[in-house]
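Shown below: upload17.txt, with compact mmCIF, C-alpha atoms.
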```txt
# COMPACT_ATOMS: atom_id res chain seq x y z
CA MET A 6 -29.10 0.11 -14.80
CA THR A 7 -25.86 1.07 -16.52
CA GLY A 8 -23.93 0.84 -13.25
CA ALA A 9 -25.45 -2.55 -12.45
CA ARG A 10 -24.57 -3.76 -15.95
CA LYS A 11 -20.94 -2.69 -15.45
CA LEU A 12 -20.73 -4.51 -12.12
CA THR A 13 -21.97 -7.74 -13.71
CA SER A 14 -19.93 -7.48 -16.93
CA PRO A 15 -17.59 -10.40 -17.68
CA ARG A 16 -14.56 -8.18 -17.12
CA ALA A 17 -15.77 -6.96 -13.71
CA LEU A 18 -16.63 -10.49 -12.64
CA ALA A 19 -13.21 -11.72 -13.78
CA VAL A 20 -11.47 -8.99 -11.76
CA ALA A 21 -13.57 -9.76 -8.68
CA ALA A 22 -12.81 -13.47 -9.01
CA ALA A 23 -9.09 -12.76 -9.40
CA ILE A 24 -9.08 -10.63 -6.23
CA VAL A 25 -10.87 -13.37 -4.26
CA VAL A 26 -8.36 -15.97 -5.51
CA ALA A 27 -5.49 -13.63 -4.61
CA PHE A 28 -6.70 -13.41 -1.00
CA ILE A 29 -7.05 -17.16 -0.51
CA LEU A 30 -3.91 -18.02 -2.48
CA PRO A 31 -1.50 -18.26 0.51
CA PHE A 32 -3.52 -21.18 1.87
CA LEU A 33 -3.28 -23.04 -1.44
CA LEU A 34 0.49 -22.73 -2.02
CA GLY A 35 3.51 -24.42 -0.58
CA ALA A 36 6.24 -22.50 1.25
CA GLY A 37 8.45 -21.98 -1.80
CA GLN A 38 5.51 -21.04 -4.03
CA LEU A 39 4.24 -18.52 -1.46
CA THR A 40 7.69 -16.91 -1.34
CA THR A 41 7.61 -16.48 -5.11
CA ALA A 42 4.05 -15.12 -5.00
CA THR A 43 5.06 -12.58 -2.36
CA PHE A 44 7.98 -11.32 -4.45
CA VAL A 45 5.66 -11.08 -7.47
CA VAL A 46 3.08 -8.98 -5.61
CA ILE A 47 5.77 -6.68 -4.20
CA ALA A 48 7.32 -6.25 -7.66
CA ALA A 49 3.92 -5.52 -9.20
CA ILE A 50 3.63 -2.33 -7.12
CA GLY A 51 6.72 -0.93 -8.83
CA ALA A 52 5.47 -2.16 -12.21
CA VAL A 53 2.21 -0.24 -11.75
CA GLY A 54 4.27 2.90 -11.15
CA LEU A 55 6.44 2.34 -14.23
CA ASN A 56 3.34 1.71 -16.32
CA LEU A 57 1.95 5.09 -15.28
CA LEU A 58 5.14 6.75 -16.53
CA THR A 59 5.75 4.70 -19.67
CA GLY A 60 2.33 3.35 -20.59
CA TYR A 61 0.15 6.35 -19.74
CA THR A 62 2.60 9.22 -20.29
CA GLY A 63 4.88 7.73 -22.95
CA GLN A 64 8.14 8.32 -21.05
CA ILE A 65 10.49 5.36 -21.45
CA SER A 66 12.49 4.83 -18.26
CA LEU A 67 15.29 2.36 -17.59
CA GLY A 68 16.05 3.77 -14.15
CA GLN A 69 13.40 1.95 -12.11
CA ALA A 70 16.04 -0.03 -10.20
CA PHE A 71 17.50 3.23 -8.88
CA PHE A 72 14.22 4.30 -7.31
CA LEU A 73 13.70 0.81 -5.88
CA ALA A 74 17.13 1.11 -4.23
CA VAL A 75 16.28 4.54 -2.82
CA GLY A 76 13.17 3.08 -1.20
CA ALA A 77 15.12 0.11 0.15
CA TYR A 78 17.84 2.19 1.78
CA THR A 79 15.34 4.70 3.14
CA ALA A 80 13.72 1.75 4.91
CA ALA A 81 17.15 0.63 6.14
CA VAL A 82 18.05 4.02 7.59
CA LEU A 83 14.69 4.96 9.11
CA GLY A 84 13.67 1.49 10.23
CA GLY A 85 17.10 0.14 11.19
CA ASP A 86 19.19 3.10 12.30
CA HIS A 87 16.36 5.20 13.76
CA GLU A 88 14.08 2.28 14.76
CA LEU A 89 10.93 3.87 13.39
CA SER A 90 7.72 1.95 12.78
CA ALA A 91 7.01 0.52 9.34
CA ALA A 92 3.91 2.72 9.33
CA ILE A 93 6.42 5.58 8.95
CA TRP A 94 9.27 4.15 6.88
CA ILE A 95 7.12 2.50 4.21
CA PRO A 96 5.43 5.75 3.09
CA ALA A 97 8.67 7.65 3.76
CA ALA A 98 10.47 5.34 1.32
CA GLY A 99 7.94 6.36 -1.32
CA VAL A 100 8.30 10.05 -0.48
CA VAL A 101 12.11 10.03 -0.66
CA ALA A 102 12.02 8.16 -3.98
CA ALA A 103 9.41 10.64 -5.25
CA VAL A 104 11.69 13.54 -4.31
CA CYS A 105 14.50 11.88 -6.27
CA GLY A 106 12.13 11.51 -9.22
CA LEU A 107 11.23 15.18 -8.90
CA ILE A 108 14.93 16.08 -8.99
CA VAL A 109 15.60 13.94 -12.06
CA GLY A 110 12.38 15.03 -13.73
CA PRO A 111 13.35 18.51 -15.02
CA THR A 112 16.23 17.00 -17.00
CA ALA A 113 14.27 13.98 -18.21
CA VAL A 114 11.18 15.88 -19.36
CA ARG A 115 13.22 17.80 -21.92
CA LEU A 116 13.96 14.55 -23.72
CA ARG A 117 11.92 11.80 -25.31
CA GLY A 118 12.30 8.35 -26.81
CA LEU A 119 15.77 6.87 -26.95
CA TYR A 120 17.41 9.96 -25.44
CA LEU A 121 15.18 9.78 -22.38
CA ALA A 122 15.90 6.05 -22.01
CA ILE A 123 19.65 6.75 -22.07
CA VAL A 124 19.37 9.50 -19.43
CA THR A 125 17.34 7.31 -17.07
CA LEU A 126 19.74 4.44 -17.76
CA GLY A 127 22.49 6.68 -16.40
CA LEU A 128 20.80 6.61 -13.00
CA ILE A 129 21.83 2.97 -12.56
CA PRO A 130 25.66 3.44 -12.50
CA ILE A 131 25.30 6.71 -10.59
CA GLY A 132 23.16 5.05 -7.93
CA GLN A 133 25.42 2.02 -7.65
CA HIS A 134 28.50 4.25 -7.30
CA ILE A 135 26.80 6.15 -4.49
CA PHE A 136 25.60 3.05 -2.68
CA PHE A 137 28.88 1.16 -3.05
CA ASN A 138 30.69 4.11 -1.47
CA ALA A 139 28.17 4.99 1.25
CA PRO A 140 28.58 2.27 3.90
CA ASP A 141 26.56 4.26 6.46
CA ILE A 142 23.54 3.95 4.18
CA SER A 143 23.99 0.75 2.21
CA GLY A 144 26.62 -1.14 4.20
CA GLY A 145 29.05 -0.81 1.30
CA PRO A 146 29.78 -3.62 -1.19
CA ALA A 147 28.98 -6.26 1.44
CA GLY A 148 25.45 -4.92 1.87
CA ARG A 149 23.36 -4.59 5.00
CA ALA A 150 20.45 -6.15 6.82
CA ILE A 151 17.01 -4.58 6.50
CA VAL A 152 14.57 -4.54 9.39
CA PRO A 153 11.31 -6.52 9.16
CA VAL A 154 7.97 -4.76 9.05
CA VAL A 155 6.66 -3.97 12.53
CA ILE A 156 3.37 -2.07 12.80
CA GLY A 157 2.05 -1.94 16.37
CA PRO A 158 1.37 -5.52 17.51
CA PHE A 159 2.05 -6.94 14.02
CA ASP A 160 5.60 -8.24 13.73
CA PHE A 161 6.72 -9.65 10.38
CA GLY A 162 10.04 -10.95 11.67
CA VAL A 163 11.45 -14.41 10.98
CA GLY A 164 9.45 -17.08 12.79
CA GLN A 165 6.54 -14.76 13.59
CA GLU A 166 2.97 -15.89 12.97
CA LEU A 167 -0.47 -14.36 13.23
CA ASP A 168 -3.25 -16.48 14.71
CA LEU A 169 -6.72 -15.46 13.52
CA GLY A 170 -9.04 -17.79 15.38
CA GLY A 171 -7.05 -20.89 14.49
CA LEU A 172 -6.09 -19.57 11.04
CA ILE A 173 -2.29 -19.26 11.05
CA ILE A 174 -0.59 -16.73 8.77
CA ASN A 175 3.19 -17.03 8.76
CA ARG A 176 5.79 -14.40 7.89
CA ASP A 177 5.49 -15.01 4.14
CA GLY A 178 1.73 -14.66 4.34
CA LEU A 179 1.97 -11.43 6.35
CA TYR A 180 4.21 -9.82 3.74
CA TYR A 181 2.00 -11.18 0.98
CA TYR A 182 -1.17 -9.63 2.39
CA LEU A 183 0.50 -6.31 3.16
CA ALA A 184 1.90 -6.12 -0.38
CA LEU A 185 -1.43 -7.26 -1.88
CA ILE A 186 -3.34 -4.50 -0.07
CA LEU A 187 -0.81 -1.87 -1.21
CA LEU A 188 -0.94 -3.26 -4.75
CA LEU A 189 -4.73 -3.06 -4.91
CA LEU A 190 -4.61 0.51 -3.58
CA SER A 191 -2.00 1.38 -6.22
CA VAL A 192 -4.05 -0.13 -9.05
CA LEU A 193 -7.20 1.61 -7.82
CA TYR A 194 -5.35 4.93 -7.59
CA VAL A 195 -3.90 4.67 -11.10
CA ALA A 196 -7.23 3.54 -12.58
CA ASN A 197 -9.00 6.55 -11.04
CA LEU A 198 -6.14 8.90 -11.93
CA ALA A 199 -6.50 7.94 -15.60
CA ARG A 200 -10.03 9.40 -15.53
CA THR A 201 -9.00 12.72 -13.99
CA ARG A 202 -7.78 15.83 -15.76
CA LEU A 203 -4.17 14.92 -14.95
CA GLY A 204 -4.66 11.39 -16.27
CA ARG A 205 -6.14 12.67 -19.52
CA ALA A 206 -3.25 15.13 -19.80
CA MET A 207 -0.79 12.23 -19.41
CA GLN A 208 -2.47 10.26 -22.18
CA ALA A 209 -2.64 13.32 -24.42
CA THR A 210 1.08 13.90 -23.87
CA ARG A 211 1.77 10.28 -24.77
CA ASP A 212 -0.26 10.49 -27.96
CA GLY A 213 1.34 13.75 -29.14
CA GLU A 214 2.95 16.58 -27.20
CA ILE A 215 2.29 19.22 -29.87
CA ALA A 216 -1.40 18.34 -30.08
CA ALA A 217 -1.59 18.24 -26.28
CA ALA A 218 0.00 21.71 -26.05
CA VAL A 219 -2.57 23.04 -28.51
CA LEU A 220 -5.26 21.72 -26.19
CA GLY A 221 -3.68 23.58 -23.26
CA VAL A 222 -1.81 20.70 -21.63
CA ASP A 223 1.36 21.67 -19.77
CA SER A 224 3.50 18.72 -20.83
CA THR A 225 6.38 19.63 -18.50
CA ARG A 226 4.17 19.66 -15.42
CA THR A 227 2.40 16.49 -16.58
CA LYS A 228 5.67 14.58 -17.06
CA LEU A 229 6.99 15.75 -13.68
CA ALA A 230 3.81 14.50 -12.01
CA ALA A 231 4.20 11.14 -13.75
CA PHE A 232 7.85 10.83 -12.70
CA THR A 233 6.97 11.71 -9.11
CA ILE A 234 4.08 9.25 -8.76
CA SER A 235 6.00 6.48 -10.53
CA SER A 236 9.02 6.99 -8.27
CA PHE A 237 6.79 7.00 -5.18
CA LEU A 238 5.36 3.57 -6.01
CA ALA A 239 8.84 2.27 -6.89
CA GLY A 240 10.14 3.44 -3.50
CA ILE A 241 7.41 1.57 -1.64
CA SER A 242 8.05 -1.55 -3.71
CA GLY A 243 11.80 -1.32 -3.03
CA ALA A 244 11.27 -0.91 0.71
CA LEU A 245 9.01 -3.95 0.93
CA PHE A 246 11.31 -6.00 -1.31
CA ALA A 247 14.36 -5.25 0.84
CA SER A 248 12.51 -5.85 4.10
CA TYR A 249 11.14 -9.18 2.89
CA LEU A 250 14.54 -10.23 1.56
CA SER A 251 16.10 -9.14 4.91
CA TYR A 252 19.51 -8.42 3.35
CA VAL A 253 20.42 -6.43 0.22
CA GLN A 254 23.60 -5.41 -1.61
CA PRO A 255 24.18 -2.46 -3.97
CA GLY A 256 24.87 -4.83 -6.87
CA GLN A 257 21.27 -6.05 -6.79
CA TRP A 258 19.93 -2.76 -8.14
CA GLY A 259 21.31 -3.10 -11.66
CA LEU A 260 20.17 -2.75 -15.25
CA VAL A 261 18.76 -6.29 -15.41
CA LEU A 262 16.22 -5.41 -12.71
CA SER A 263 15.09 -2.33 -14.65
CA ILE A 264 14.72 -4.38 -17.82
CA GLN A 265 12.63 -6.93 -15.93
CA TYR A 266 10.22 -4.17 -14.93
CA LEU A 267 10.04 -2.88 -18.49
CA ALA A 268 9.42 -6.42 -19.71
CA ALA A 269 6.63 -6.84 -17.15
CA ILE A 270 4.61 -3.86 -18.36
CA ILE A 271 5.16 -4.71 -22.05
CA VAL A 272 4.28 -8.39 -21.76
CA GLY A 273 1.32 -7.71 -19.47
CA GLY A 274 -0.09 -4.84 -21.49
CA ILE A 275 1.49 -1.40 -21.57
CA GLY A 276 -0.94 1.42 -20.83
CA THR A 277 -3.55 -0.88 -19.27
CA VAL A 278 -4.70 -1.07 -15.66
CA TRP A 279 -4.05 -4.76 -14.94
CA GLY A 280 -1.27 -5.32 -17.46
CA PRO A 281 1.59 -4.62 -15.01
CA VAL A 282 0.16 -7.15 -12.56
CA LEU A 283 -0.17 -9.89 -15.19
CA GLY A 284 3.27 -9.07 -16.59
CA SER A 285 4.83 -9.22 -13.12
CA ILE A 286 3.38 -12.68 -12.60
CA PHE A 287 4.96 -13.83 -15.83
CA VAL A 288 8.38 -12.14 -15.53
CA PHE A 289 9.13 -12.43 -11.82
CA ALA A 290 7.74 -15.94 -11.40
CA LEU A 291 9.43 -17.19 -14.56
CA PRO A 292 12.70 -18.43 -12.95
CA GLU A 293 10.78 -20.61 -10.49
CA LEU A 294 8.51 -21.83 -13.28
CA ILE A 295 11.51 -22.85 -15.37
CA LYS A 296 13.06 -24.65 -12.39
CA SER A 297 9.91 -26.75 -12.08
CA LEU A 298 10.12 -28.01 -15.67
CA PRO A 299 10.92 -31.74 -15.89
CA PHE A 300 13.99 -31.18 -18.08
CA ALA A 301 15.51 -28.54 -15.76
CA THR A 302 18.43 -29.81 -13.69
CA GLY A 303 19.33 -27.87 -10.57
CA SER A 304 20.12 -24.28 -11.57
CA GLU A 305 20.34 -25.00 -15.30
CA ILE A 306 18.11 -25.93 -18.21
CA TRP A 307 19.75 -27.49 -21.27
CA GLY A 308 23.06 -26.23 -19.92
CA ILE A 309 21.84 -22.62 -19.68
CA PRO A 310 21.69 -20.94 -16.21
CA ILE A 311 18.11 -20.40 -15.04
CA ASN A 312 18.44 -16.60 -14.84
CA ALA A 313 19.90 -16.42 -18.35
CA ALA A 314 17.14 -18.67 -19.66
CA SER A 315 14.53 -16.45 -18.00
CA SER A 316 16.02 -13.34 -19.61
CA LEU A 317 15.99 -15.10 -22.97
CA VAL A 318 12.33 -16.12 -22.60
CA TYR A 319 10.96 -12.72 -21.64
CA GLY A 320 13.17 -11.08 -24.27
CA VAL A 321 11.51 -13.24 -26.89
CA MET A 322 8.13 -12.46 -25.33
CA ILE A 323 8.73 -8.70 -25.69
CA ILE A 324 9.40 -9.15 -29.42
CA ALA A 325 6.40 -11.46 -29.82
CA VAL A 326 4.09 -9.02 -28.02
CA PHE A 327 5.17 -6.09 -30.18
CA LEU A 328 4.62 -8.14 -33.33
CA ALA A 329 1.43 -9.99 -32.43
CA GLU A 330 -0.47 -8.13 -29.71
CA PRO A 331 0.79 -4.65 -28.67
CA ARG A 332 -1.56 -4.66 -25.67
CA GLY A 333 0.09 -7.79 -24.29
CA MET A 334 -1.71 -10.32 -22.15
CA VAL A 335 -4.56 -7.91 -21.47
CA GLY A 336 -5.08 -7.37 -25.18
CA LEU A 337 -4.95 -11.10 -25.82
CA GLY A 338 -7.58 -11.67 -23.13
CA SER A 339 -9.80 -8.94 -24.59
CA ARG A 340 -9.46 -10.48 -28.03
CA VAL A 341 -10.48 -13.91 -26.72
CA MET A 342 -13.49 -12.43 -24.90
CA ALA A 343 -14.52 -10.55 -28.06
CA LEU A 344 -14.30 -13.73 -30.13
CA ARG A 345 -16.44 -15.61 -27.63
CA ALA A 346 -18.98 -12.78 -27.57
CA ASN A 347 -19.18 -12.72 -31.38
CA ARG A 348 -19.35 -16.50 -31.76
CA GLY A 349 -23.12 -16.48 -31.90
CA SER A 350 -23.45 -13.49 -34.24
CA GLU A 351 -24.97 -13.82 -37.71
CA PRO A 352 -22.51 -14.34 -40.58
CA SER A 353 -24.06 -11.44 -42.45
CA GLU A 354 -23.37 -8.98 -39.64
CA LEU A 355 -20.58 -6.55 -40.24
CA GLY A 356 -17.63 -7.03 -37.91
CA PRO A 357 -14.94 -4.55 -36.94
CA ALA A 358 -14.36 -3.74 -40.62
CA SER A 359 -17.73 -1.98 -41.00
CA PRO A 360 -16.45 1.53 -40.14
CA THR A 361 -13.83 1.15 -42.86
CA LEU A 362 -16.48 0.07 -45.36
CA ASP A 363 -18.60 3.07 -44.41
CA ARG A 364 -15.66 5.40 -44.97
CA THR A 365 -14.89 3.92 -48.38
CA VAL A 366 -18.49 4.13 -49.55
CA GLN A 367 -19.04 7.70 -48.40
CA PRO A 368 -16.68 9.45 -50.87
CA SER A 369 -18.27 7.71 -53.88
CA THR A 370 -21.72 8.83 -52.66
CA GLU A 371 -20.53 12.39 -52.38
CA ALA A 372 -18.99 12.19 -55.84
CA ARG A 373 -22.29 11.09 -57.35
CA SER A 374 -24.07 13.99 -55.71
```
Is it possible to give me this structure as structure tokens?
Amino acid sequence: MTGARKLTSPRALAVAAAIVVAFILPFLLGAGQLTTATFVVIAAIGAVGLNLLTGYTGQISLGQAFFLAVGAYTAAVLGGDHELSAAIWIPAAGVVAAVCGLIVGPTAVRLRGLYLAIVTLGLIPIGQHIFFNAPDISGGPAGRAIVPVVIGPFDFGVGQELDLGGLIINRDGLYYYLALILLLLSVLYVANLARTRLGRAMQATRDGEIAAAVLGVDSTRTKLAAFTISSFLAGISGALFASYLSYVQPGQWGLVLSIQYLAAIIVGGIGTVWGPVLGSIFVFALPELIKSLPFATGSEIWGIPINAASSLVYGVMIIAVFLAEPRGMVGLGSRVMALRANRGSEPSELGPASPTLDRTVQPSTEARS
């Protein structure tokens, strides 16, 4: 009965409905909107990884763009130079990025807070210096083309389409569905991981390393595992992003991209399962949303470039979330659902303040005794 109740809970039904909508979405959007949706889904994979590191383990990282770049150029080398199948270079991009995370990890795990953020921030200029000066890998400052996804008979190249009994899925749709499947697998993995011993160790480390150590948690090993898994997902996201974009340059993997990912997990709901997905929709679709406003002209709004306006908006959103709802959009949704659930309750019923009232009454009772 308990399992059946969980499956029919409002939250479970909302998630199921969102997944159904996500699968039929390509047939409801125009070409430009589908392109934006595809970029959002690809970016959300990396956001899920960053949320595992920052939201579940408490390790602030500003180096996500570096691991995205590692995944992108792994795809370029293995898929382009060695002509391997995407069934090989997509997971390989995650593995190579995970190895890089494992290398950075021992230094990063010794630090916390602002110091950790500064160390991971240092990965950005280091990575860009390497990629700008490694033309065999990145093509140098001019950049290089990235091969499309090809898995057996499925070719995601420009102009390619998939005919499913009269149902046509174009290149954008193919990338969208591939990214959506990988995103759902990533979310499912992280959600299950949070319930395992390692997941509980991550959350204990986030809440307090000293207390976690007293409970027998090896914080160093836990942080290394978080860095590795987060980097793996970032590598896959970077590989798909570069392949879908078809051409990338080293300058694309800068600090602004890392901040966008951090904004996504904060706005969506840091430390929650679906928060990174909701935050990615907001942050990475924001430029296109601003362009569609009636008072936006071309690439500007009120004289401000679209990208700058987007950065300004999600910067304000980060501040607003921290002040109003630390759990972001997920927390806001939970609060709305709780209000609706309590709408029919009796006025005399004690609300969330009842535990506090119990605690304040108890000492006076003990004093009288």
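Minimum atom-to-atom distance to Gly110 (chain A), evaluated using only C-alpha atoms, belongs to A:Ala230 out of A:Leu55, A:Ala268, A:Ala230, A:Ile311.
Shell of region 237-251 of chain A at 6 Å, with all atoms listed in the file counted and residues fewer than 4 places along the chain excluded, is A:Ile47, A:Ile50, A:Gly51, A:Gly54, A:Phe72, A:Leu73, A:Ala74, A:Gly76, A:Ala77, A:Ala80, A:Ile95, A:Ala98, A:Gly99, A:Val100, A:Ala102, A:Ala103, A:Ala150, A:Ile151, A:Val152, A:Pro153.
Reported to one decimal place, the separation of CA of Gly148 (chain A) from CA of Pro292 (chain A) is 23.8 Å.
In this comparison, which uses all atoms listed in the file, the residue of A:Gly164, A:Gly273, A:Gly37, A:Pro146 approaching Gly338 (chain A) most closely is A:Gly273.
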Would you list the residues near (22.6, 11.3, -13.9), meaning any protein, DNA or RNA residue with an atom at most 12 Å from that point in file coordinates, counting all atoms listed in the file, as a PDB file with C-alpha atoms, keeping the file's coordinate frame?
```
ATOM      1  CA  GLY A  68      16.050   3.770 -14.150  1.00  0.00           C
ATOM      2  CA  PHE A  71      17.500   3.230  -8.880  1.00  0.00           C
ATOM      3  CA  CYS A 105      14.500  11.880  -6.270  1.00  0.00           C
ATOM      4  CA  GLY A 106      12.130  11.510  -9.220  1.00  0.00           C
ATOM      5  CA  ILE A 108      14.930  16.080  -8.990  1.00  0.00           C
ATOM      6  CA  VAL A 109      15.600  13.940 -12.060  1.00  0.00           C
ATOM      7  CA  GLY A 110      12.380  15.030 -13.730  1.00  0.00           C
ATOM      8  CA  PRO A 111      13.350  18.510 -15.020  1.00  0.00           C
ATOM      9  CA  THR A 112      16.230  17.000 -17.000  1.00  0.00           C
ATOM     10  CA  ALA A 113      14.270  13.980 -18.210  1.00  0.00           C
ATOM     11  CA  LEU A 121      15.180   9.780 -22.380  1.00  0.00           C
ATOM     12  CA  ALA A 122      15.900   6.050 -22.010  1.00  0.00           C
ATOM     13  CA  ILE A 123      19.650   6.750 -22.070  1.00  0.00           C
ATOM     14  CA  VAL A 124      19.370   9.500 -19.430  1.00  0.00           C
ATOM     15  CA  THR A 125      17.340   7.310 -17.070  1.00  0.00           C
ATOM     16  CA  LEU A 126      19.740   4.440 -17.760  1.00  0.00           C
ATOM     17  CA  GLY A 127      22.490   6.680 -16.400  1.00  0.00           C
ATOM     18  CA  LEU A 128      20.800   6.610 -13.000  1.00  0.00           C
ATOM     19  CA  ILE A 129      21.830   2.970 -12.560  1.00  0.00           C
ATOM     20  CA  PRO A 130      25.660   3.440 -12.500  1.00  0.00           C
ATOM     21  CA  ILE A 131      25.300   6.710 -10.590  1.00  0.00           C
ATOM     22  CA  GLY A 132      23.160   5.050  -7.930  1.00  0.00           C
ATOM     23  CA  GLN A 133      25.420   2.020  -7.650  1.00  0.00           C
ATOM     24  CA  HIS A 134      28.500   4.250  -7.300  1.00  0.00           C
ATOM     25  CA  ILE A 135      26.800   6.150  -4.490  1.00  0.00           C
TER      26      ILE A 135
END
```
*Would you mind listing what lies within 8 Å of Val326 (chain A) as an MDAnalysis selection string, with all atoms listed in the file counted and same-chain residues fewer than 5 positions away left out?*
chainID A and resid 271:272 331:333
*Between A:Ser224, A:Gln208, A:Gln64, A:Thr41, which one has atoms that come closest to Gly178 (chain A), using all atoms listed in the file?*
A:Thr41
*With distances taken over only C-alpha atoms, which of A:Ile29, A:Val282, A:Leu337, A:Ile309 is nearest to Leu189 (chain A)?*
A:Val282
*Can you tell me, as a VMD selection string, which residues sit within 12 Å of (8.7, -22.8, -16.9) in the file's frame, using all atoms listed in the file?*
chain A and resid 287 to 301 305 to 306 311 to 312 314 to 315 318 to 319
*For Leu67 (chain A), which residue among A:Leu39, A:Ala23, A:Val222, A:Ile264 is the nearest when counting all atoms listed in the file?*
A:Ile264
*Do you know which residues are at most 10 Å from Ala92 (chain A) counting only C-alpha atoms, after dropping those on the same chain fewer than 5 positions away, and could you put them as a count of residues only?*
6
*Could you check how far CA of Asp160 (chain A) sits from CA of Leu30 (chain A), in Å to one decimal?*
21.2 Å
Test item: axis-aligned box, all listed atoms of region 168-184 of chain A, 4 Å on each side, centre and edges in Å rounded to one decimal, as JSON:
```
{"center_x": -1.6, "center_y": -13.5, "center_z": 7.5, "size_x": 22.8, "size_y": 22.8, "size_z": 23.8}
```
*Please provide as number ranges by chain all residues within 12 Å of Arg16 (chain A), with the sequence filter that same-chain residues fewer than 6 positions apart are discarded (counting all atoms listed in the file).*
A: 10, 22-23, 279, 335, 338-339, 341-343
At a cut-off of 9 Å, using only C-alpha atoms, what residues contact Pro31 (chain A)? Leave out same-chain residues fewer than 5 positions from it and give the result as a JSON list (two decimals) with C-alpha atoms, keeping the file's coordinate frame.
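Saved file part06.json follows:
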```
[["chain", "number", "residue", "atom", "x", "y", "z"],
["A", 36, "ALA", "CA", 6.24, -22.50, 1.25],
["A", 38, "GLN", "CA", 5.51, -21.04, -4.03],
["A", 39, "LEU", "CA", 4.24, -18.52, -1.46],
["A", 42, "ALA", "CA", 4.05, -15.12, -5.00],
["A", 174, "ILE", "CA", -0.59, -16.73, 8.77],
["A", 177, "ASP", "CA", 5.49, -15.01, 4.14],
["A", 178, "GLY", "CA", 1.73, -14.66, 4.34],
["A", 181, "TYR", "CA", 2.00, -11.18, 0.98],
["A", 182, "TYR", "CA", -1.17, -9.63, 2.39]]
```
*Using only C-alpha atoms, which of A:Gly320, A:Leu193, A:Tyr61, A:Gly170 sits nearest Asp212 (chain A)?*
A:Tyr61
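Atom pair CA of Gly162 (chain A) / CA of Trp258 (chain A) has a distance of 23.6 Å (rounded to one decimal).
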